[in-house]
Amino acid sequence: MKTKIIGAVVVASSLVVSSAAFAGETVSVVGSSSVSPLMEVLGETYAQSNDVTVEVQGPGSSAGIRVAHDGSADLGMSSRNLKTAEESPQIKEVVIARDGIAVVVNNSNSVTDLTKEQITEIYKGNVTNWKQVGGEDKPIVVATRDTASGTRGAFEDIMSLKKKINDIKVSAISQKAQVASGNGQLKTTVANNPFAIGYISLGSVDNTVKALTIDGHKPSVASIKAGDYSVQRPFIVVYKEGRPSKKALDFLTWLQSPTAQKIVADKGFISIN
């Protein structure tokens with residue numbers, strides 16, 4: 001098991017602690033696996049000059065919203081907007097960054113651009129061969145995230161990948177799609193399969209995969225800020241009013257500061273100011 005050692009504390013891979021050793025108070029932050037890597041850096045930076053330990057866990061956006069409701073963590077993280085059923089007057093939302101969702105293919109794939117409609121049809125299972133969208137005569141291997149993923153939730157909303165069954169909204173993504181538990185696993189799936197397509201956080205894109213342009217627009221900070229690239233979502237911190245300690249709220253305030261927002265931008269995300 002991968003471990004991270006800080007001071008005299010050994011932490012399992014499911015829990016990352018960001019702090020100087022022996023900090024006076026712990027702030028727990030739980031939720032989106034897309035937000036977690038950024039939050040770890042922010043927490044480590046904050047802990048360097050504050051008497052606090054920031055503990056970050058990334059089981060998914062649904063879990064982040066749930067812990068905000070039940071008060072089992074100070075702060076929750078979500079990489080999608082809250083559903084109507086998740087909203088409450090007691091639940092407060094603070095946007096700390098924005099992120100694009102990049103649609104990625106294997107580096108050997110000749111396809112470089114798709115329309116939103118083509119991507120939707122691929123994920124519904126109606127387009128099954130790369131030849132149908134200008135590529136080789138090869139089968140399309142669709143990769144998606146698990147249902148607890150905020151990235152998946154945002155992707156489904158943006159790409160109109162919801163359908164109603166007995167008046168209940170459910171995912172329209174093909175059941176034949178391969179399911180990955182995180183950005184890293186999905187990226188590895190696409191990198192290792194010449195026929196695969198997937199979607200990951202823009203901040204996770206590297207040279208192991210190729211990010212497609214969508215409707216002619218490149219997934220980049222500049223195109224998102226200009227409003228050209230529409231496949232984007234917020235990074236949200238959620239909490240229950242009255243639950244977080246003063247130190248947790250101080251950390252949340254700092255997340256919106258110029259210092260924190262510079263880190264957001266340096267990590268390839270879109271700052272809120």
# chains A, B, ... in the order shown; residues from 1 in each chain; ligands from 1
call {"tool": "residues_around", "arguments": {"residues": "Asp228 in chain A", "least_positions_apart": "4", "cutoff": "8 Å", "atoms": "only C-alpha atoms", "output": "PyMOL selection string"}}
result
chain A and resi 217+223-224
call {"tool": "residues_around", "arguments": {"residues": "Ala154 in chain A", "least_positions_apart": "4", "cutoff": "7 Å", "atoms": "only C-alpha atoms", "output": "CSV table (one decimal) with N, CA and C atoms, in the first residue's frame"}}
result
chain,number,residue,atom,x,y,z
A,80,ARG,N,-19.4,18.7,-9.4
A,80,ARG,CA,-20.6,18.9,-10.1
A,80,ARG,C,-21.5,19.7,-9.3
A,150,GLY,N,-18.4,12.8,-9.6
A,150,GLY,CA,-18.9,14.1,-10.0
A,150,GLY,C,-18.6,14.4,-11.5
A,158,ILE,N,-24.0,17.9,-19.2
A,158,ILE,CA,-23.5,18.7,-20.3
A,158,ILE,C,-23.8,18.0,-21.7
A,233,ARG,N,-17.1,22.4,-15.6
A,233,ARG,CA,-17.9,22.3,-14.4
A,233,ARG,C,-17.2,23.0,-13.2
call {"tool": "residues_around", "arguments": {"residues": "range 65-69 of chain A", "least_positions_apart": "5", "cutoff": "6 Å", "atoms": "only C-alpha atoms", "output": "number ranges by chain"}}
result
A: 76, 239-240
call {"tool": "write_last_selection", "arguments": {"atoms": "C-alpha atoms", "output": "mmCIF file, in the first residue's frame"}}
result
data_model
loop_
_atom_site.group_PDB
_atom_site.id
_atom_site.type_symbol
_atom_site.label_atom_id
_atom_site.label_comp_id
_atom_site.auth_asym_id
_atom_site.auth_seq_id
_atom_site.Cartn_x
_atom_site.Cartn_y
_atom_site.Cartn_z
ATOM 1 C CA GLY A 76 -17.179 18.286 1.386
ATOM 2 C CA TYR A 239 -20.620 22.331 4.277
ATOM 3 C CA LYS A 240 -23.436 22.263 6.780
#
call {"tool": "closest_residue", "arguments": {"among": "A:Leu255, A:Met39, A:Met77, A:Val170", "to": "Gly60 in chain A", "atoms": "only C-alpha atoms"}}
result
A:Met77
call {"tool": "select_by_dssp", "arguments": {"residues": "range 80-269 of chain A", "states": "strand (DSSP E)", "output": "PyMOL selection string"}}
result
chain A and resi 91-105+113-114+141-145+162-165+168-171+178-180+196-201+210-211+213-214+232-240
call {"tool": "closest_atom_pairs", "arguments": {"of": "range 186-257 of chain A", "to": "range 261-273 of chain A", "cutoff": "12 Å", "atoms": "only C-alpha atoms", "output": "JSON lines"}}
result
{"residue": "A:Ser201", "atom": "CA", "partner": "A:Phe269", "partner_atom": "CA", "distance": 9.3}
{"residue": "A:Leu202", "atom": "CA", "partner": "A:Phe269", "partner_atom": "CA", "distance": 7.5}
{"residue": "A:Gly203", "atom": "CA", "partner": "A:Gly268", "partner_atom": "CA", "distance": 5.3}
{"residue": "A:Ser204", "atom": "CA", "partner": "A:Gly268", "partner_atom": "CA", "distance": 8.7}
{"residue": "A:Val205", "atom": "CA", "partner": "A:Gly268", "partner_atom": "CA", "distance": 9.5}
{"residue": "A:Asp206", "atom": "CA", "partner": "A:Gly268", "partner_atom": "CA", "distance": 11.2}
{"residue": "A:Pro219", "atom": "CA", "partner": "A:Gly268", "partner_atom": "CA", "distance": 11.2}
{"residue": "A:Ser220", "atom": "CA", "partner": "A:Gly268", "partner_atom": "CA", "distance": 8.7}
{"residue": "A:Val221", "atom": "CA", "partner": "A:Ile270", "partner_atom": "CA", "distance": 6.1}
{"residue": "A:Ala222", "atom": "CA", "partner": "A:Ile270", "partner_atom": "CA", "distance": 8.9}
{"residue": "A:Ser223", "atom": "CA", "partner": "A:Ile270", "partner_atom": "CA", "distance": 10.7}
{"residue": "A:Ile224", "atom": "CA", "partner": "A:Ile270", "partner_atom": "CA", "distance": 8.2}
{"residue": "A:Lys225", "atom": "CA", "partner": "A:Ile270", "partner_atom": "CA", "distance": 7.7}
{"residue": "A:Ala226", "atom": "CA", "partner": "A:Ile270", "partner_atom": "CA", "distance": 11.5}
{"residue": "A:Gln232", "atom": "CA", "partner": "A:Ile270", "partner_atom": "CA", "distance": 10.0}
{"residue": "A:Arg233", "atom": "CA", "partner": "A:Ile270", "partner_atom": "CA", "distance": 10.2}
{"residue": "A:Pro234", "atom": "CA", "partner": "A:Ile270", "partner_atom": "CA", "distance": 9.3}
{"residue": "A:Phe235", "atom": "CA", "partner": "A:Phe269", "partner_atom": "CA", "distance": 9.6}
{"residue": "A:Ile236", "atom": "CA", "partner": "A:Ile272", "partner_atom": "CA", "distance": 11.2}
{"residue": "A:Leu252", "atom": "CA", "partner": "A:Gln261", "partner_atom": "CA", "distance": 12.0}
{"residue": "A:Thr253", "atom": "CA", "partner": "A:Gln261", "partner_atom": "CA", "distance": 11.3}
{"residue": "A:Trp254", "atom": "CA", "partner": "A:Gln261", "partner_atom": "CA", "distance": 9.1}
{"residue": "A:Leu255", "atom": "CA", "partner": "A:Gln261", "partner_atom": "CA", "distance": 7.0}
{"residue": "A:Gln256", "atom": "CA", "partner": "A:Gln261", "partner_atom": "CA", "distance": 6.4}
{"residue": "A:Ser257", "atom": "CA", "partner": "A:Gln261", "partner_atom": "CA", "distance": 6.1}
call {"tool": "closest_residue", "arguments": {"among": "A:Phe155, A:Phe195, A:Phe251, A:Tyr229", "to": "Val142 in chain A", "atoms": "only C-alpha atoms"}}
result
A:Phe195
call {"tool": "closest_atom_pairs", "arguments": {"of": "range 151-200 of chain A", "to": "range 123-131 of chain A", "cutoff": "10 Å", "atoms": "only C-alpha atoms", "output": "tab-separated table"}}
result
residue	atom	partner	partner_atom	distance
A:Glu156	CA	A:Tyr123	CA	9.5
A:Met159	CA	A:Tyr123	CA	9.2
A:Ser160	CA	A:Lys124	CA	10.0
A:Leu161	CA	A:Lys124	CA	7.3
A:Lys162	CA	A:Lys124	CA	9.7
A:Ser171	CA	A:Lys124	CA	9.3
A:Ala172	CA	A:Lys124	CA	5.9
A:Ile173	CA	A:Lys124	CA	4.9
A:Ser174	CA	A:Lys124	CA	4.9
A:Gln175	CA	A:Gly125	CA	8.5
A:Lys176	CA	A:Gly125	CA	7.9
A:Ala177	CA	A:Tyr123	CA	7.8
A:Phe195	CA	A:Trp130	CA	8.0
A:Ala196	CA	A:Trp130	CA	9.8
A:Ile197	CA	A:Tyr123	CA	9.3
A:Gly198	CA	A:Tyr123	CA	9.4
call {"tool": "select_by_dssp", "arguments": {"residues": "range 53-273 of chain A", "states": "helix (DSSP H, G or I)", "output": "JSON, numbers by chain"}}
result
{"A": [61, 62, 63, 64, 65, 66, 67, 68, 69, 70, 84, 85, 86, 116, 117, 118, 119, 120, 121, 122, 123, 124, 130, 131, 132, 133, 150, 151, 152, 153, 154, 155, 156, 157, 158, 183, 184, 185, 186, 187, 188, 189, 190, 191, 192, 202, 203, 204, 221, 222, 223, 224, 225, 246, 247, 248, 249, 250, 251, 252, 253, 254, 255, 258, 259, 260, 261, 262, 263, 264, 265, 266]}
call {"tool": "write_last_selection", "arguments": {"atoms": "C-alpha atoms", "output": "PDB file, in the first residue's frame"}}
result
ATOM      1  CA  SER A  61     -18.573  13.913  -5.153  1.00  0.00           C
ATOM      2  CA  SER A  62     -21.666  12.081  -3.907  1.00  0.00           C
ATOM      3  CA  ALA A  63     -19.749  11.139  -0.769  1.00  0.00           C
ATOM      4  CA  GLY A  64     -18.583  14.735  -0.342  1.00  0.00           C
ATOM      5  CA  ILE A  65     -22.138  16.048  -0.435  1.00  0.00           C
ATOM      6  CA  ARG A  66     -23.283  13.273   1.892  1.00  0.00           C
ATOM      7  CA  VAL A  67     -20.672  14.061   4.555  1.00  0.00           C
ATOM      8  CA  ALA A  68     -21.668  17.710   4.412  1.00  0.00           C
ATOM      9  CA  HIS A  69     -25.253  16.703   5.184  1.00  0.00           C
ATOM     10  CA  ASP A  70     -24.451  14.293   8.000  1.00  0.00           C
ATOM     11  CA  THR A  84     -32.249  19.144  -6.287  1.00  0.00           C
ATOM     12  CA  ALA A  85     -32.585  16.343  -3.739  1.00  0.00           C
ATOM     13  CA  GLU A  86     -29.163  17.258  -2.292  1.00  0.00           C
ATOM     14  CA  LYS A 116     -20.957  17.298 -28.835  1.00  0.00           C
ATOM     15  CA  GLU A 117     -23.683  15.401 -30.694  1.00  0.00           C
ATOM     16  CA  GLN A 118     -21.177  12.786 -31.917  1.00  0.00           C
ATOM     17  CA  ILE A 119     -19.808  12.294 -28.414  1.00  0.00           C
ATOM     18  CA  THR A 120     -23.322  11.882 -27.041  1.00  0.00           C
ATOM     19  CA  GLU A 121     -24.159   9.255 -29.657  1.00  0.00           C
ATOM     20  CA  ILE A 122     -20.916   7.402 -28.930  1.00  0.00           C
ATOM     21  CA  TYR A 123     -21.695   7.279 -25.225  1.00  0.00           C
ATOM     22  CA  LYS A 124     -25.274   6.175 -25.852  1.00  0.00           C
ATOM     23  CA  TRP A 130     -14.515   5.189 -35.481  1.00  0.00           C
ATOM     24  CA  LYS A 131     -15.246   5.177 -39.233  1.00  0.00           C
ATOM     25  CA  GLN A 132     -18.633   6.771 -38.466  1.00  0.00           C
ATOM     26  CA  VAL A 133     -16.879   9.878 -37.106  1.00  0.00           C
ATOM     27  CA  GLY A 150     -18.908  14.113 -10.026  1.00  0.00           C
ATOM     28  CA  THR A 151     -17.055  14.148 -13.342  1.00  0.00           C
ATOM     29  CA  ARG A 152     -19.537  11.615 -14.714  1.00  0.00           C
ATOM     30  CA  GLY A 153     -22.490  13.550 -13.332  1.00  0.00           C
ATOM     31  CA  ALA A 154     -21.309  16.790 -14.917  1.00  0.00           C
ATOM     32  CA  PHE A 155     -20.460  15.032 -18.199  1.00  0.00           C
ATOM     33  CA  GLU A 156     -23.926  13.470 -18.372  1.00  0.00           C
ATOM     34  CA  ASP A 157     -25.599  16.827 -17.769  1.00  0.00           C
ATOM     35  CA  ILE A 158     -23.497  18.695 -20.343  1.00  0.00           C
ATOM     36  CA  ASN A 183      -9.241  10.034 -13.528  1.00  0.00           C
ATOM     37  CA  GLY A 184      -6.008   8.063 -13.351  1.00  0.00           C
ATOM     38  CA  GLN A 185      -7.566   4.691 -14.070  1.00  0.00           C
ATOM     39  CA  LEU A 186      -9.646   6.044 -16.943  1.00  0.00           C
ATOM     40  CA  LYS A 187      -6.615   7.789 -18.449  1.00  0.00           C
ATOM     41  CA  THR A 188      -4.635   4.535 -18.235  1.00  0.00           C
ATOM     42  CA  THR A 189      -7.463   2.660 -19.970  1.00  0.00           C
ATOM     43  CA  VAL A 190      -7.401   5.094 -22.894  1.00  0.00           C
ATOM     44  CA  ALA A 191      -3.597   5.240 -23.036  1.00  0.00           C
ATOM     45  CA  ASN A 192      -3.408   1.447 -23.297  1.00  0.00           C
ATOM     46  CA  LEU A 202      -8.626  18.949 -17.815  1.00  0.00           C
ATOM     47  CA  GLY A 203      -6.062  19.216 -15.019  1.00  0.00           C
ATOM     48  CA  SER A 204      -5.288  15.496 -15.457  1.00  0.00           C
ATOM     49  CA  VAL A 221      -8.129  27.516 -19.743  1.00  0.00           C
ATOM     50  CA  ALA A 222      -8.240  30.292 -22.342  1.00  0.00           C
ATOM     51  CA  SER A 223     -11.113  28.762 -24.340  1.00  0.00           C
ATOM     52  CA  ILE A 224     -13.086  28.046 -21.169  1.00  0.00           C
ATOM     53  CA  LYS A 225     -12.670  31.617 -19.939  1.00  0.00           C
ATOM     54  CA  LYS A 246     -13.617  28.372  12.924  1.00  0.00           C
ATOM     55  CA  LYS A 247     -10.338  26.959  11.606  1.00  0.00           C
ATOM     56  CA  ALA A 248     -12.190  25.092   8.863  1.00  0.00           C
ATOM     57  CA  LEU A 249     -14.033  28.256   7.867  1.00  0.00           C
ATOM     58  CA  ASP A 250     -10.767  30.203   7.939  1.00  0.00           C
ATOM     59  CA  PHE A 251      -9.295  27.639   5.546  1.00  0.00           C
ATOM     60  CA  LEU A 252     -12.337  27.966   3.280  1.00  0.00           C
ATOM     61  CA  THR A 253     -11.922  31.744   3.243  1.00  0.00           C
ATOM     62  CA  TRP A 254      -8.260  31.328   2.343  1.00  0.00           C
ATOM     63  CA  LEU A 255      -9.189  29.025  -0.566  1.00  0.00           C
ATOM     64  CA  PRO A 258      -5.393  35.512  -4.363  1.00  0.00           C
ATOM     65  CA  THR A 259      -2.664  33.245  -2.962  1.00  0.00           C
ATOM     66  CA  ALA A 260      -4.826  30.121  -3.206  1.00  0.00           C
ATOM     67  CA  GLN A 261      -6.279  31.106  -6.564  1.00  0.00           C
ATOM     68  CA  LYS A 262      -2.781  31.489  -8.010  1.00  0.00           C
ATOM     69  CA  ILE A 263      -2.164  27.858  -7.033  1.00  0.00           C
ATOM     70  CA  VAL A 264      -5.451  26.923  -8.748  1.00  0.00           C
ATOM     71  CA  ALA A 265      -4.260  28.596 -11.950  1.00  0.00           C
ATOM     72  CA  ASP A 266      -0.730  27.164 -11.689  1.00  0.00           C
TER      73      ASP A 266
END
call {"tool": "residues_around", "arguments": {"residues": "Asp74 in chain A", "least_positions_apart": "6", "cutoff": "7 Å", "atoms": "only C-alpha atoms", "output": "list in words"}}
result
Val27, Ser28, Val29, Tyr239, Arg243, Pro244 and Ala248 of chain A
call {"tool": "closest_residue", "arguments": {"among": "A:Ile140, A:Ala148, A:Val105, A:Ile96", "to": "Thr208 in chain A", "atoms": "only C-alpha atoms"}}
result
A:Val105
call {"tool": "closest_residue", "arguments": {"among": "A:Val238, A:Ser108, A:Ser245, A:Ala102", "to": "Gln90 in chain A", "atoms": "only C-alpha atoms"}}
result
A:Val238
